[in-house]
Amino acid sequence: MRCTPFLLASVLCIIFHSENVFSQKQENPLEQLSYYIGTWGPPSDDPIIKRDAKYKDLKVIDFKWGHNKRVIWSKTGLFSDQKKEVYSEGMITYNPNTQKIVWLEYQIDNEILFEGEYIMLGEHKVQRVYTVFYAENYPDIPNPQLKGWTRKYRETFTPTSEHTINWLTETLIHGKWVRQGRNNEDFKAVRDQ
């Protein structure tokens, strides 16, 4: 059997395309968030810890790998040796249709839903942009000057060392991102080692 140049080119093209598709399926976009896997809390010099020593083991957010690293389980709350109170639980995964890393979390006691996405900014810097859906007639909805039962937030996590981050939180108010936080400062967090 003679192999024509067209047939040879076609076979090579199919092989190349198959290998390219296979390698794309092997890539896991969630690996970009691997820096954040672990339990995070305030640094030892945080004012809340200085004010009350019982918070020295306080943790506020936790990320754990799920099955085959195709999901990240997230948990937000207060974790310490003395008290474990989980406020919300959720998951992060990759949506192949939108090609976005999506996040969904539910606040247990207050029936509040968080829905958004993670945006990679490079060098482990990440933005989490999301909408919070408050239950109708929720009594403590932030920024009451805004109408409705939803609020948009943006959090930017910026690594400052191998185990520490600055955590900036902003709220979308009348079309502008407004910085939130104690004394208008970023929250600092340290990962357990």
# chains A, B, ... in the order shown; residues from 1 in each chain; ligands from 1
$ closest_atom_pairs --of "range 51-146 of chain A" --to "range 158-180 of chain A" --cutoff "7 Å" --atoms "only C-alpha atoms" --output "tab-separated table"
residue	atom	partner	partner_atom	distance
A:His124	CA	A:Pro159	CA	6.7
A:Lys125	CA	A:Thr158	CA	4.8
A:Val126	CA	A:Thr158	CA	6.8
$ write_last_selection --atoms "C-alpha atoms" --output "mmCIF file, in the first residue's frame"
data_model
loop_
_atom_site.group_PDB
_atom_site.id
_atom_site.type_symbol
_atom_site.label_atom_id
_atom_site.label_comp_id
_atom_site.auth_asym_id
_atom_site.auth_seq_id
_atom_site.Cartn_x
_atom_site.Cartn_y
_atom_site.Cartn_z
ATOM 1 C CA HIS A 124 -1.033 33.279 43.044
ATOM 2 C CA LYS A 125 -2.937 36.578 43.246
ATOM 3 C CA VAL A 126 -6.650 35.848 42.947
#
$ residues_around --residues "Leu33 in chain A" --least-positions-apart "5" --cutoff "12 Å" --atoms "only C-alpha atoms" --output "MDAnalysis selection string"
chainID A and resid 28 38 63:65 69:74 92:94 101:102 118:128 157 159
$ write_last_selection --atoms "C-alpha atoms" --output "short mmCIF file (atom, residue, chain, number, x, y, z; two decimals), in the first residue's frame"
data_model
loop_
_atom_site.label_atom_id
_atom_site.label_comp_id
_atom_site.auth_asym_id
_atom_site.auth_seq_id
_atom_site.Cartn_x
_atom_site.Cartn_y
_atom_site.Cartn_z
CA ASN A 28 -6.73 21.02 35.76
CA GLY A 38 -5.21 24.82 53.90
CA PHE A 63 -9.88 25.02 51.55
CA LYS A 64 -9.53 21.26 50.97
CA TRP A 65 -9.19 19.21 47.80
CA LYS A 69 -8.71 17.58 42.65
CA ARG A 70 -11.74 18.42 40.51
CA VAL A 71 -13.43 20.23 43.38
CA ILE A 72 -12.22 22.34 46.29
CA TRP A 73 -14.38 22.30 49.42
CA SER A 74 -14.51 25.66 51.17
CA ILE A 92 -15.18 25.58 43.97
CA THR A 93 -15.00 23.83 40.62
CA TYR A 94 -14.28 24.47 36.96
CA ILE A 101 -13.60 28.70 38.10
CA VAL A 102 -16.94 28.95 39.88
CA TYR A 118 -12.37 33.08 40.94
CA ILE A 119 -10.25 35.12 38.54
CA MET A 120 -6.53 34.39 38.38
CA LEU A 121 -4.39 37.56 38.36
CA GLY A 122 -0.95 35.89 38.23
CA GLU A 123 1.66 34.83 40.79
CA HIS A 124 -1.03 33.28 43.04
CA LYS A 125 -2.94 36.58 43.25
CA VAL A 126 -6.65 35.85 42.95
CA GLN A 127 -9.90 37.76 42.84
CA ARG A 128 -13.16 36.27 44.04
CA PHE A 157 -6.12 37.70 47.83
CA PRO A 159 0.30 36.55 48.73
#
$ select_by_dssp --residues "range 146-186 of chain A" --states "strand (DSSP E or B)" --output "list in words"
Thr150, Arg151, Lys152, Tyr153, Arg154, Glu155, Thr156, Phe157, Thr158, Pro159, Thr164, Ile165, Asn166, Trp167, Leu168, Thr169, Glu170, Thr171, Leu172, Ile173, Lys176, Trp177, Val178 and Arg179 of chain A
$ residues_around --residues "Glu89 in chain A" --least-positions-apart "2" --cutoff "10 Å" --atoms "only C-alpha atoms" --output "PyMOL selection string"
chain A and resi 61-62+73-77+86-87+91+104-108+113-114
$ write_last_selection --atoms "N, CA and C atoms" --output "JSON list (two decimals), in the first residue's frame"
[["chain", "number", "residue", "atom", "x", "y", "z"],
["A", 61, "ILE", "N", -11.02, 30.67, 57.38],
["A", 61, "ILE", "CA", -11.38, 30.08, 56.08],
["A", 61, "ILE", "C", -10.52, 28.84, 55.85],
["A", 62, "ASP", "N", -11.11, 27.87, 55.17],
["A", 62, "ASP", "CA", -10.44, 26.59, 54.98],
["A", 62, "ASP", "C", -10.74, 26.08, 53.57],
["A", 73, "TRP", "N", -13.36, 22.04, 48.41],
["A", 73, "TRP", "CA", -14.38, 22.30, 49.42],
["A", 73, "TRP", "C", -13.94, 23.51, 50.22],
["A", 74, "SER", "N", -14.83, 24.46, 50.41],
["A", 74, "SER", "CA", -14.51, 25.66, 51.17],
["A", 74, "SER", "C", -15.41, 25.72, 52.41],
["A", 75, "LYS", "N", -14.83, 26.27, 53.46],
["A", 75, "LYS", "CA", -15.56, 26.39, 54.71],
["A", 75, "LYS", "C", -15.16, 27.73, 55.32],
["A", 76, "THR", "N", -16.15, 28.49, 55.77],
["A", 76, "THR", "CA", -15.89, 29.77, 56.39],
["A", 76, "THR", "C", -16.53, 29.75, 57.77],
["A", 77, "GLY", "N", -15.83, 30.28, 58.75],
["A", 77, "GLY", "CA", -16.38, 30.31, 60.10],
["A", 77, "GLY", "C", -15.32, 30.67, 61.10],
["A", 86, "VAL", "N", -19.05, 26.69, 62.20],
["A", 86, "VAL", "CA", -18.98, 26.85, 60.75],
["A", 86, "VAL", "C", -20.14, 27.75, 60.33],
["A", 87, "TYR", "N", -19.81, 28.82, 59.64],
["A", 87, "TYR", "CA", -20.84, 29.72, 59.16],
["A", 87, "TYR", "C", -21.34, 29.32, 57.78],
["A", 91, "MET", "N", -18.34, 24.95, 47.58],
["A", 91, "MET", "CA", -17.43, 24.27, 46.69],
["A", 91, "MET", "C", -16.98, 25.19, 45.57],
["A", 104, "LEU", "N", -19.70, 28.38, 44.85],
["A", 104, "LEU", "CA", -21.03, 28.42, 45.43],
["A", 104, "LEU", "C", -20.90, 28.04, 46.90],
["A", 105, "GLU", "N", -21.42, 28.88, 47.78],
["A", 105, "GLU", "CA", -21.30, 28.61, 49.21],
["A", 105, "GLU", "C", -22.60, 29.04, 49.89],
["A", 106, "TYR", "N", -22.96, 28.30, 50.93],
["A", 106, "TYR", "CA", -24.23, 28.54, 51.62],
["A", 106, "TYR", "C", -23.97, 28.81, 53.09],
["A", 107, "GLN", "N", -24.49, 29.94, 53.58],
["A", 107, "GLN", "CA", -24.35, 30.25, 55.01],
["A", 107, "GLN", "C", -25.48, 29.56, 55.76],
["A", 108, "ILE", "N", -25.11, 28.68, 56.63],
["A", 108, "ILE", "CA", -26.03, 27.72, 57.23],
["A", 108, "ILE", "C", -27.14, 28.37, 58.05],
["A", 113, "LEU", "N", -26.85, 32.81, 50.34],
["A", 113, "LEU", "CA", -26.15, 32.10, 49.29],
["A", 113, "LEU", "C", -25.11, 33.02, 48.66],
["A", 114, "PHE", "N", -23.89, 32.49, 48.47],
["A", 114, "PHE", "CA", -22.80, 33.19, 47.80],
["A", 114, "PHE", "C", -22.58, 32.50, 46.46]]
$ residues_around --residues "Glu136 in chain A" --least-positions-apart "2" --cutoff "7 Å" --atoms "only C-alpha atoms" --output "PyMOL selection string"
chain A and resi 134+138+149
$ write_last_selection --atoms "C-alpha atoms" --output "PDB file, in the first residue's frame"
ATOM      1  CA  TYR A 134     -29.833  37.454  51.298  1.00  0.00           C
ATOM      2  CA  TYR A 138     -32.982  39.477  56.406  1.00  0.00           C
ATOM      3  CA  TRP A 149     -31.794  41.489  48.565  1.00  0.00           C
TER       4      TRP A 149
END
$ select_by_dssp --residues "range 15-154 of chain A" --states "helix (DSSP H, G or I)" --output "count of residues only"
31
$ residues_around --residues "Val132 in chain A" --least-positions-apart "2" --cutoff "8 Å" --atoms "only C-alpha atoms" --output "MDAnalysis selection string"
chainID A and resid 112:115 130 134 150:153
